[in-house]
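K.L.:
So here's model13.txt, just compact mmCIF, C-alpha atoms:
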```txt
# COMPACT_ATOMS: atom_id res chain seq x y z
CA MET A 1 -16.67 -137.48 -57.73
CA LYS A 2 -19.83 -135.83 -59.04
CA LEU A 3 -19.44 -137.79 -62.29
CA LEU A 4 -19.15 -141.06 -60.32
CA PHE A 5 -22.43 -140.28 -58.54
CA LYS A 6 -24.17 -139.69 -61.88
CA LEU A 7 -22.73 -142.85 -63.41
CA GLY A 8 -23.58 -144.91 -60.33
CA TRP A 9 -27.22 -143.77 -60.35
CA ARG A 10 -27.58 -144.38 -64.10
CA ASN A 11 -25.95 -147.81 -63.97
CA ILE A 12 -28.60 -149.02 -61.49
CA TRP A 13 -31.29 -148.67 -64.14
CA ARG A 14 -29.37 -150.25 -67.02
CA ASN A 15 -31.06 -153.53 -66.09
CA LYS A 16 -34.33 -152.29 -64.64
CA ARG A 17 -35.85 -155.71 -64.06
CA ARG A 18 -32.94 -156.98 -61.94
CA SER A 19 -32.62 -153.71 -60.04
CA LEU A 20 -36.34 -153.59 -59.27
CA LEU A 21 -36.32 -157.18 -57.99
CA THR A 22 -33.35 -156.41 -55.73
CA LEU A 23 -35.01 -153.16 -54.62
CA ALA A 24 -38.20 -155.07 -53.79
CA ALA A 25 -36.20 -157.60 -51.73
CA ILE A 26 -34.43 -154.87 -49.74
CA THR A 27 -37.70 -153.00 -49.18
CA PHE A 28 -39.44 -156.20 -48.05
CA ALA A 29 -36.63 -157.10 -45.64
CA THR A 30 -36.59 -153.58 -44.20
CA PHE A 31 -40.29 -153.17 -43.53
CA MET A 32 -40.63 -156.76 -42.26
CA ALA A 33 -37.72 -156.26 -39.86
CA ILE A 34 -39.14 -152.93 -38.66
CA ALA A 35 -42.65 -154.38 -38.25
CA MET A 36 -41.36 -157.42 -36.34
CA ARG A 37 -39.10 -155.40 -34.04
CA GLY A 38 -41.81 -152.79 -33.53
CA MET A 39 -44.35 -155.42 -32.48
CA GLN A 40 -41.82 -157.18 -30.26
CA LEU A 41 -40.63 -154.07 -28.44
CA GLY A 42 -44.11 -152.54 -28.30
CA THR A 43 -45.58 -155.70 -26.78
CA TYR A 44 -42.71 -155.96 -24.30
CA ALA A 45 -43.20 -152.35 -23.22
CA VAL A 46 -46.95 -152.65 -22.66
CA ASN A 47 -46.55 -155.90 -20.69
CA ILE A 48 -43.72 -154.53 -18.56
CA LYS A 49 -45.73 -151.39 -17.85
CA ASN A 50 -48.80 -153.48 -17.04
CA SER A 51 -46.88 -155.79 -14.67
CA VAL A 52 -45.06 -153.08 -12.76
CA GLU A 53 -48.15 -150.89 -12.44
CA ILE A 54 -50.40 -153.75 -11.31
CA PHE A 55 -48.33 -154.84 -8.35
CA SER A 56 -44.53 -154.79 -8.27
CA GLY A 57 -43.87 -151.11 -9.00
CA TYR A 58 -41.18 -149.75 -11.30
CA LEU A 59 -38.71 -150.08 -8.43
CA GLN A 60 -38.70 -151.63 -5.00
CA ILE A 61 -36.71 -150.77 -1.92
CA GLN A 62 -35.80 -153.92 -0.02
CA LYS A 63 -33.31 -155.18 2.48
CA THR A 64 -30.19 -156.49 0.74
CA GLY A 65 -30.59 -160.20 -0.07
CA TYR A 66 -34.37 -160.30 0.38
CA GLN A 67 -35.08 -160.73 -3.33
CA GLN A 68 -32.71 -163.71 -3.63
CA ASN A 69 -33.88 -165.38 -0.43
CA PRO A 70 -37.14 -163.91 0.94
CA SER A 71 -37.42 -164.23 4.69
CA LEU A 72 -39.72 -162.71 7.29
CA ASN A 73 -36.66 -161.60 9.24
CA LYS A 74 -35.24 -159.58 6.34
CA CYS A 75 -37.36 -156.56 7.17
CA PHE A 76 -36.58 -152.93 7.87
CA ARG A 77 -38.17 -149.82 9.28
CA LEU A 78 -39.36 -147.08 6.93
CA THR A 79 -37.35 -144.32 8.57
CA ASP A 80 -37.72 -140.59 7.96
CA GLN A 81 -34.40 -140.65 6.09
CA ILE A 82 -35.67 -143.25 3.61
CA VAL A 83 -38.96 -141.38 3.16
CA GLU A 84 -37.04 -138.15 2.55
CA SER A 85 -34.81 -139.91 0.00
CA ILE A 86 -37.89 -141.12 -1.88
CA GLU A 87 -39.80 -137.84 -1.75
CA SER A 88 -36.79 -135.75 -2.78
CA THR A 89 -36.21 -137.76 -5.95
CA GLU A 90 -37.83 -135.80 -8.75
CA ASP A 91 -39.14 -138.58 -11.04
CA ILE A 92 -40.87 -140.58 -8.27
CA THR A 93 -44.62 -139.93 -8.34
CA SER A 94 -45.68 -142.11 -5.37
CA TYR A 95 -44.68 -145.02 -3.16
CA ALA A 96 -46.33 -147.73 -1.06
CA PRO A 97 -44.90 -149.82 1.81
CA ARG A 98 -45.51 -153.59 1.77
CA VAL A 99 -45.39 -156.58 4.12
CA ASN A 100 -44.95 -160.04 2.57
CA ALA A 101 -45.22 -163.45 4.24
CA ASP A 102 -46.37 -167.04 3.80
CA GLY A 103 -49.10 -168.55 5.90
CA LEU A 104 -52.03 -170.92 6.18
CA ILE A 105 -55.63 -169.89 5.61
CA SER A 106 -58.40 -172.02 7.15
CA PHE A 107 -62.12 -172.14 6.65
CA LYS A 108 -64.07 -174.85 8.48
CA ASP A 109 -62.07 -178.04 7.86
CA ILE A 110 -60.18 -176.77 4.78
CA SER A 111 -56.68 -175.32 5.14
CA LEU A 112 -54.59 -174.02 2.25
CA GLY A 113 -51.21 -172.35 1.85
CA THR A 114 -51.36 -168.65 1.14
CA ALA A 115 -49.18 -165.70 0.21
CA ILE A 116 -49.92 -162.75 2.51
CA PHE A 117 -49.52 -159.18 1.26
CA GLY A 118 -50.00 -156.35 3.73
CA ILE A 119 -50.73 -153.08 1.94
CA ASP A 120 -51.87 -149.53 2.63
CA PRO A 121 -54.94 -149.07 0.37
CA GLU A 122 -54.57 -145.28 0.26
CA LYS A 123 -50.93 -145.50 -0.85
CA GLU A 124 -51.65 -148.29 -3.35
CA LYS A 125 -54.32 -146.18 -5.09
CA THR A 126 -51.62 -143.82 -6.37
CA THR A 127 -48.84 -146.37 -6.81
CA THR A 128 -50.29 -149.53 -8.38
CA HIS A 129 -53.49 -150.89 -9.92
CA ILE A 130 -54.11 -153.54 -7.25
CA LEU A 131 -57.46 -152.05 -6.25
CA GLU A 132 -58.58 -152.07 -9.89
CA LYS A 133 -58.21 -155.86 -10.04
CA LEU A 134 -61.18 -156.36 -7.73
CA LYS A 135 -63.47 -159.07 -9.14
CA ASP A 136 -66.31 -159.27 -6.61
CA GLY A 137 -67.16 -157.52 -3.37
CA LYS A 138 -65.12 -154.51 -2.25
CA PHE A 139 -61.65 -153.55 -1.01
CA PHE A 140 -60.90 -152.62 2.59
CA ASP A 141 -60.50 -148.90 3.27
CA SER A 142 -58.24 -148.98 6.30
CA ALA A 143 -54.71 -150.32 6.76
CA SER A 144 -55.70 -151.58 10.23
CA SER A 145 -58.92 -153.29 9.15
CA TYR A 146 -59.32 -157.01 9.85
CA GLU A 147 -60.88 -157.51 6.44
CA ILE A 148 -59.19 -159.26 3.53
CA VAL A 149 -59.49 -159.61 -0.23
CA VAL A 150 -58.51 -163.02 -1.60
CA GLY A 151 -57.84 -164.48 -5.04
CA TYR A 152 -61.03 -165.69 -6.69
CA LYS A 153 -59.53 -169.17 -7.13
CA LEU A 154 -58.50 -169.29 -3.49
CA LEU A 155 -62.06 -168.47 -2.43
CA LYS A 156 -63.34 -171.26 -4.66
CA ASN A 157 -60.80 -173.76 -3.30
CA LEU A 158 -61.73 -172.83 0.27
CA LYS A 159 -65.39 -173.41 -0.61
CA ALA A 160 -66.10 -170.14 1.14
CA GLU A 161 -68.12 -167.08 0.16
CA ILE A 162 -67.71 -163.33 0.51
CA GLY A 163 -68.73 -162.44 4.05
CA ASP A 164 -67.31 -165.59 5.64
CA GLU A 165 -64.69 -165.43 8.37
CA VAL A 166 -61.40 -167.30 8.06
CA VAL A 167 -58.39 -167.83 10.28
CA ILE A 168 -54.88 -167.05 8.98
CA LEU A 169 -51.87 -168.57 10.69
CA SER A 170 -48.26 -167.56 10.15
CA GLN A 171 -44.96 -167.60 11.98
CA GLY A 172 -44.21 -164.25 13.55
CA TYR A 173 -41.06 -162.17 13.45
CA ASP A 174 -40.38 -163.09 17.09
CA GLY A 175 -40.70 -166.83 16.37
CA SER A 176 -44.20 -167.18 17.77
CA LEU A 177 -47.11 -168.62 15.78
CA GLY A 178 -49.51 -165.82 15.01
CA ASN A 179 -53.16 -166.39 14.15
CA LEU A 180 -55.95 -163.92 13.59
CA LYS A 181 -59.53 -164.03 12.34
CA PHE A 182 -60.35 -162.05 9.19
CA LYS A 183 -63.51 -161.42 7.21
CA ILE A 184 -63.47 -161.97 3.43
CA ILE A 185 -65.02 -158.89 1.82
CA GLY A 186 -63.94 -159.35 -1.80
CA THR A 187 -62.00 -161.26 -4.42
CA PHE A 188 -59.41 -160.17 -6.98
CA LYS A 189 -58.33 -161.51 -10.35
CA MET A 190 -54.74 -160.67 -11.30
CA GLY A 191 -54.70 -162.93 -14.34
CA MET A 192 -51.84 -165.05 -12.99
CA GLN A 193 -52.99 -168.55 -12.08
CA GLU A 194 -50.75 -169.09 -9.05
CA PHE A 195 -51.34 -165.62 -7.64
CA ASP A 196 -55.12 -165.94 -7.92
CA ALA A 197 -54.99 -169.33 -6.17
CA MET A 198 -52.83 -168.23 -3.22
CA GLY A 199 -52.88 -164.45 -2.78
CA VAL A 200 -54.42 -162.60 0.16
CA PHE A 201 -54.41 -158.81 0.59
CA MET A 202 -54.87 -157.33 4.04
CA GLY A 203 -54.18 -154.00 5.68
CA ILE A 204 -50.48 -153.43 6.40
CA ASP A 205 -51.14 -152.67 10.08
CA ALA A 206 -53.17 -155.86 10.44
CA ALA A 207 -50.37 -157.83 8.73
CA GLN A 208 -47.81 -156.36 11.11
CA ASP A 209 -49.98 -157.43 14.05
CA LEU A 210 -50.33 -160.95 12.64
CA LEU A 211 -46.60 -161.27 12.01
CA ALA A 212 -45.40 -159.37 15.10
CA LEU A 213 -43.31 -157.08 12.92
CA TYR A 214 -43.56 -154.10 15.28
CA GLY A 215 -43.76 -151.54 12.46
CA ASN A 216 -41.21 -153.18 10.14
CA ILE A 217 -41.87 -153.73 6.44
CA HIS A 218 -40.38 -155.85 3.65
CA ALA A 219 -40.56 -153.59 0.60
CA VAL A 220 -41.52 -150.19 -0.75
CA ALA A 221 -43.05 -150.19 -4.23
CA ILE A 222 -42.22 -147.06 -6.23
CA GLU A 223 -44.17 -145.51 -9.09
CA LEU A 224 -42.48 -143.53 -11.89
CA GLU A 225 -43.78 -141.66 -14.90
CA ASP A 226 -41.88 -143.70 -17.47
CA LEU A 227 -39.81 -146.89 -17.83
CA SER A 228 -36.85 -144.91 -19.19
CA GLN A 229 -36.36 -143.26 -15.77
CA ILE A 230 -35.72 -146.51 -13.90
CA GLU A 231 -31.93 -146.68 -14.06
CA ASN A 232 -31.46 -143.04 -13.14
CA VAL A 233 -33.87 -143.17 -10.19
CA SER A 234 -32.37 -146.45 -8.95
CA GLU A 235 -28.89 -144.91 -8.86
CA GLN A 236 -30.16 -141.78 -7.09
CA LEU A 237 -31.97 -143.77 -4.41
CA ASN A 238 -29.00 -146.05 -3.73
CA ASP A 239 -26.80 -142.97 -3.35
CA LYS A 240 -29.26 -141.17 -1.05
CA ILE A 241 -30.18 -144.07 1.27
CA GLU A 242 -27.52 -144.07 3.95
CA ASN A 243 -28.21 -147.63 5.17
CA GLU A 244 -26.02 -150.08 3.21
CA ASP A 245 -28.40 -152.93 4.08
CA ILE A 246 -31.21 -151.24 2.12
CA THR A 247 -31.15 -151.26 -1.68
CA ALA A 248 -33.32 -150.05 -4.57
CA LEU A 249 -34.03 -152.76 -7.15
CA THR A 250 -35.36 -152.28 -10.68
CA TRP A 251 -38.33 -154.25 -12.03
CA GLU A 252 -35.86 -156.52 -13.86
CA GLU A 253 -34.43 -157.60 -10.50
CA VAL A 254 -37.82 -157.84 -8.82
CA LEU A 255 -39.40 -159.84 -11.70
CA PRO A 256 -36.49 -161.99 -12.98
CA ASP A 257 -38.79 -164.63 -14.51
CA MET A 258 -40.51 -162.06 -16.68
CA LYS A 259 -37.17 -160.54 -17.69
CA GLN A 260 -35.87 -163.97 -18.68
CA MET A 261 -38.95 -164.75 -20.78
CA ILE A 262 -38.64 -161.41 -22.58
CA ASP A 263 -34.92 -161.98 -23.21
CA MET A 264 -35.57 -165.43 -24.66
CA ASP A 265 -38.34 -164.17 -26.93
CA ASN A 266 -36.19 -161.21 -27.96
CA ALA A 267 -33.29 -163.52 -28.86
CA SER A 268 -35.52 -165.72 -31.02
CA GLY A 269 -36.87 -162.61 -32.76
CA ILE A 270 -33.36 -161.35 -33.51
CA ILE A 271 -32.42 -164.75 -34.96
CA MET A 272 -35.43 -164.62 -37.28
CA LEU A 273 -34.42 -161.14 -38.42
CA LEU A 274 -30.85 -162.28 -39.06
CA VAL A 275 -32.14 -165.15 -41.21
CA LEU A 276 -34.28 -162.70 -43.20
CA ILE A 277 -31.41 -160.24 -43.66
CA THR A 278 -29.01 -163.04 -44.63
CA ILE A 279 -31.33 -164.15 -47.43
CA VAL A 280 -31.48 -160.57 -48.73
CA THR A 281 -27.69 -160.31 -48.44
CA PHE A 282 -27.22 -163.21 -50.83
CA GLY A 283 -29.70 -161.56 -53.20
CA ILE A 284 -27.65 -158.36 -53.18
CA LEU A 285 -24.44 -160.35 -53.68
CA ASN A 286 -25.95 -162.11 -56.68
CA THR A 287 -27.17 -158.82 -58.21
CA VAL A 288 -23.84 -157.02 -57.83
CA LEU A 289 -21.84 -160.02 -59.04
CA MET A 290 -23.98 -160.44 -62.16
CA SER A 291 -23.89 -156.69 -62.80
CA ILE A 292 -20.09 -156.47 -62.82
CA THR A 293 -19.56 -159.78 -64.61
CA GLU A 294 -21.62 -158.73 -67.63
CA ARG A 295 -19.69 -155.42 -67.71
CA PHE A 296 -16.15 -156.83 -67.63
CA ASN A 297 -15.64 -155.82 -71.28
CA GLU A 298 -16.79 -152.29 -70.50
CA PHE A 299 -14.59 -152.15 -67.41
CA GLY A 300 -11.59 -153.41 -69.43
CA VAL A 301 -12.03 -150.64 -72.00
CA THR A 302 -12.51 -148.04 -69.26
CA LEU A 303 -9.32 -149.14 -67.51
CA SER A 304 -7.35 -149.23 -70.76
CA ILE A 305 -8.11 -145.56 -71.50
CA GLY A 306 -6.77 -144.51 -68.11
CA MET A 307 -9.54 -144.73 -65.50
CA PRO A 308 -7.99 -145.45 -62.07
CA GLN A 309 -8.82 -148.89 -60.67
CA LEU A 310 -9.93 -147.39 -57.36
CA LYS A 311 -12.48 -145.11 -59.03
CA LEU A 312 -14.02 -148.12 -60.73
CA VAL A 313 -14.32 -149.82 -57.36
CA TRP A 314 -15.98 -146.70 -55.94
CA LEU A 315 -18.42 -146.68 -58.85
CA VAL A 316 -19.60 -150.24 -58.13
CA LEU A 317 -19.82 -149.48 -54.40
CA LEU A 318 -21.92 -146.37 -55.06
CA GLU A 319 -24.33 -148.42 -57.18
CA THR A 320 -24.86 -150.81 -54.26
CA ILE A 321 -25.26 -147.99 -51.74
CA PHE A 322 -27.80 -146.15 -53.91
CA LEU A 323 -29.88 -149.29 -54.43
CA THR A 324 -29.76 -150.18 -50.74
CA LEU A 325 -30.59 -146.68 -49.51
CA LEU A 326 -33.56 -146.48 -51.84
CA GLY A 327 -34.85 -149.86 -50.64
CA VAL A 328 -34.26 -148.96 -46.99
CA LEU A 329 -36.09 -145.63 -47.40
CA LEU A 330 -39.12 -147.32 -48.96
CA GLY A 331 -39.02 -150.05 -46.29
CA ASP A 332 -38.85 -147.44 -43.51
CA ILE A 333 -41.91 -145.65 -44.86
CA ILE A 334 -43.95 -148.85 -45.21
CA GLY A 335 -42.72 -150.16 -41.83
CA TRP A 336 -43.63 -146.89 -40.10
CA GLY A 337 -47.11 -147.10 -41.62
CA ILE A 338 -47.63 -150.69 -40.40
CA ASN A 339 -46.32 -149.95 -36.91
CA TYR A 340 -48.32 -146.75 -36.58
CA TYR A 341 -51.50 -148.56 -37.58
CA ILE A 342 -50.90 -151.22 -34.90
CA VAL A 343 -50.12 -148.51 -32.33
CA LEU A 344 -53.56 -147.03 -33.04
CA ASN A 345 -55.25 -150.44 -33.38
CA PRO A 346 -53.59 -153.04 -31.08
CA ILE A 347 -54.20 -156.68 -31.96
CA GLU A 348 -56.26 -158.31 -29.18
CA PHE A 349 -56.38 -162.07 -28.76
CA ALA A 350 -59.35 -164.07 -27.58
CA GLY A 351 -60.24 -167.63 -26.61
CA GLU A 352 -57.55 -170.20 -25.77
CA TYR A 353 -54.73 -168.03 -27.10
CA ALA A 354 -55.71 -165.22 -24.74
CA ASP A 355 -55.88 -167.68 -21.81
CA MET A 356 -52.41 -168.98 -22.65
CA TRP A 357 -50.93 -165.47 -22.59
CA ALA A 358 -52.75 -164.66 -19.35
CA GLU A 359 -51.42 -167.83 -17.73
CA TYR A 360 -47.88 -166.52 -18.15
CA GLY A 361 -48.83 -163.11 -16.81
CA PHE A 362 -48.93 -161.33 -20.18
CA LEU A 363 -51.71 -159.20 -21.59
CA PRO A 364 -53.53 -160.93 -24.49
CA VAL A 365 -52.70 -158.03 -26.79
CA MET A 366 -50.03 -157.23 -29.35
CA GLU A 367 -48.93 -153.63 -29.69
CA SER A 368 -46.20 -151.94 -31.69
CA SER A 369 -43.72 -149.10 -31.44
CA ILE A 370 -42.53 -146.31 -33.72
CA ALA A 371 -39.43 -145.55 -31.65
CA LEU A 372 -36.70 -143.94 -33.76
CA GLY A 373 -34.12 -146.47 -32.55
CA ILE A 374 -35.92 -149.32 -34.34
CA PHE A 375 -35.66 -147.59 -37.73
CA ILE A 376 -32.04 -146.54 -37.19
CA ASN A 377 -30.88 -150.00 -36.08
CA VAL A 378 -32.65 -151.89 -38.89
CA SER A 379 -31.59 -149.41 -41.59
CA LEU A 380 -27.94 -149.38 -40.51
CA THR A 381 -27.87 -153.18 -40.24
CA ILE A 382 -29.20 -153.67 -43.78
CA LEU A 383 -26.86 -151.00 -45.17
CA ILE A 384 -23.82 -152.59 -43.50
CA VAL A 385 -24.64 -156.13 -44.66
CA SER A 386 -25.29 -154.81 -48.17
CA ILE A 387 -21.85 -153.22 -48.28
CA ALA A 388 -20.36 -156.43 -46.84
CA ALA A 389 -22.16 -158.45 -49.53
CA CYS A 390 -20.49 -156.52 -52.33
CA LEU A 391 -16.94 -156.87 -50.96
CA TYR A 392 -16.23 -159.97 -53.05
CA PRO A 393 -17.45 -158.35 -56.31
CA LEU A 394 -15.39 -155.24 -55.42
CA VAL A 395 -12.27 -157.36 -55.01
CA LYS A 396 -12.88 -158.87 -58.47
CA VAL A 397 -13.19 -155.39 -59.97
CA PHE A 398 -10.04 -154.22 -58.17
CA ARG A 399 -8.04 -157.17 -59.53
CA LEU A 400 -9.40 -156.90 -63.06
CA GLU A 401 -6.72 -156.34 -65.71
CA PRO A 402 -7.64 -154.18 -68.75
CA LEU A 403 -6.70 -156.80 -71.33
CA LYS A 404 -8.49 -159.64 -69.54
CA GLY A 405 -11.55 -157.45 -69.20
CA ILE A 406 -11.62 -156.63 -72.92
CA ARG A 407 -11.24 -160.30 -73.86
CA TYR A 408 -13.78 -161.55 -71.31
CA THR A 409 -16.70 -163.44 -72.84
```
Turn this file's structure into structure tokens for me.

P.N.:
Amino acid sequence: MKLLFKLGWRNIWRNKRRSLLTLAAITFATFMAIAMRGMQLGTYAVNIKNSVEIFSGYLQIQKTGYQQNPSLNKCFRLTDQIVESIESTEDITSYAPRVNADGLISFKDISLGTAIFGIDPEKEKTTTHILEKLKDGKFFDSASSYEIVVGYKLLKNLKAEIGDEVVILSQGYDGSLGNLKFKIIGTFKMGMQEFDAMGVFMGIDAAQDLLALYGNIHAVAIELEDLSQIENVSEQLNDKIENEDITALTWEEVLPDMKQMIDMDNASGIIMLLVLITIVTFGILNTVLMSITERFNEFGVTLSIGMPQLKLVWLVLLETIFLTLLGVLLGDIIGWGINYYIVLNPIEFAGEYADMWAEYGFLPVMESSIALGIFINVSLTILIVSIAACLYPLVKVFRLEPLKGIRYT
């Protein structure tokens, strides 16, 4: 076997030009695949982290069915048992209760539809980045304050200014029509067009008064240290919460539109990688086929003096594996260098391209990742397709007869 390894390595360099071209193709495919996957997964991770930390939270506790069909009546009370379940789960760093509803906001003779979000500013400080999205003015300090912060586009559409008083109307939990007067003390800019044109933040106690919720809430946003902890924490919470009507949902369930967009982009990226790898596969097939065809005479002589057919097949396979491993190793090194550079220096977009990304709720930035899984998956994929590419040449070698090999021209 040791002799086969030596022969396999030496045979690669018998035609240096062809081997180097094939090696360059494998290296190119490897580092391109690693760079593309790194940028895809890195950009997904930073956008997911940004979205969940801005508003939704890594997880949310809701009443079963609320996410599919939001309704004011699908509320629940934040009992001591639920609080204990949250606080006893190790990876949870903080949580914030929420009230959500639709309503109508009026200023003078202008009335517009609005999305009402009742929050506890003290809880949100440690759970999300909502307060950091303040554009003008200030945020309210108390959960019972009758002050609100509205989307900057909503303020513009209302033709109002910071300091003006508005009336918000909404149907209450008891069926009555609630209406209260609030003072606009600031505006926010989330970067999502619809949210900035409809959103209103108010204190959670004030929202409960407006909606006659009597202490009930609609969701609890939960903050974790890392995205990788989501599944584990979700399972723990669902096991600990004794009420079957209350469930812990992951960000994927809370933000299905974002998850779908990422899945679609990920699928298109994988297709591009498959096309790239397929082209390289045909290159490897061509190299191996030409290599064995021009050595049929040599193989015929080798077989005629007693070399087992299977060892000859192993020799050709080892040549392919050596060439592929060398190309993959070089590609991994170059790919790691590219990805690491982008990790340290993210690509930031500006102008119309940045606005387009922001419109869909994504950060106008492209980052990368040097996660070990990317290198393992790409390397194994290229190695497997390389071996698959040489199956046909191996079959030809296995079926080669000594006399036909010697006479081959």

K.L.:
Taking all atoms listed in the file into account, which of A:Thr128, A:Thr27, A:Ser142, A:Gln309 comes nearest Lys49 of chain A?

P.N.:
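Closest candidate: A:Thr128.
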
K.L.:
Nearest residue to Asn50 of chain A out of A:Ala219, A:Leu276, A:Ile110, A:Met190, using all atoms listed in the file?

P.N.:
A:Met190

K.L.:
Tell me which of A:Leu289, A:Leu112, A:Ala35, A:Val316 sits closest to Tyr341 of chain A, counting only C-alpha atoms.

P.N.:
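Result for the nearest residue to Tyr341 of chain A: A:Ala35.
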
K.L.:
Atom CA of Glu124 of chain A and atom CA of Leu211 of chain A, how far apart in Å?

P.N.:
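So the answer is 20.7 Å.
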
K.L.:
For Cys390 of chain A, list every protein, DNA or RNA residue within 10 Å, evaluated using all atoms listed in the file, and leave out those in the same chain fewer than 6 positions away; present the list as a VMD selection string.

P.N.:
chain A and resid 281 to 282 284 to 289 316 to 317 320 to 321

K.L.:
Take atom CA of Thr30 of chain A and atom CA of Leu394 of chain A and report the distance between them in Å, one decimal.

P.N.:
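That distance, rounded to one decimal, is 24.0 Å.
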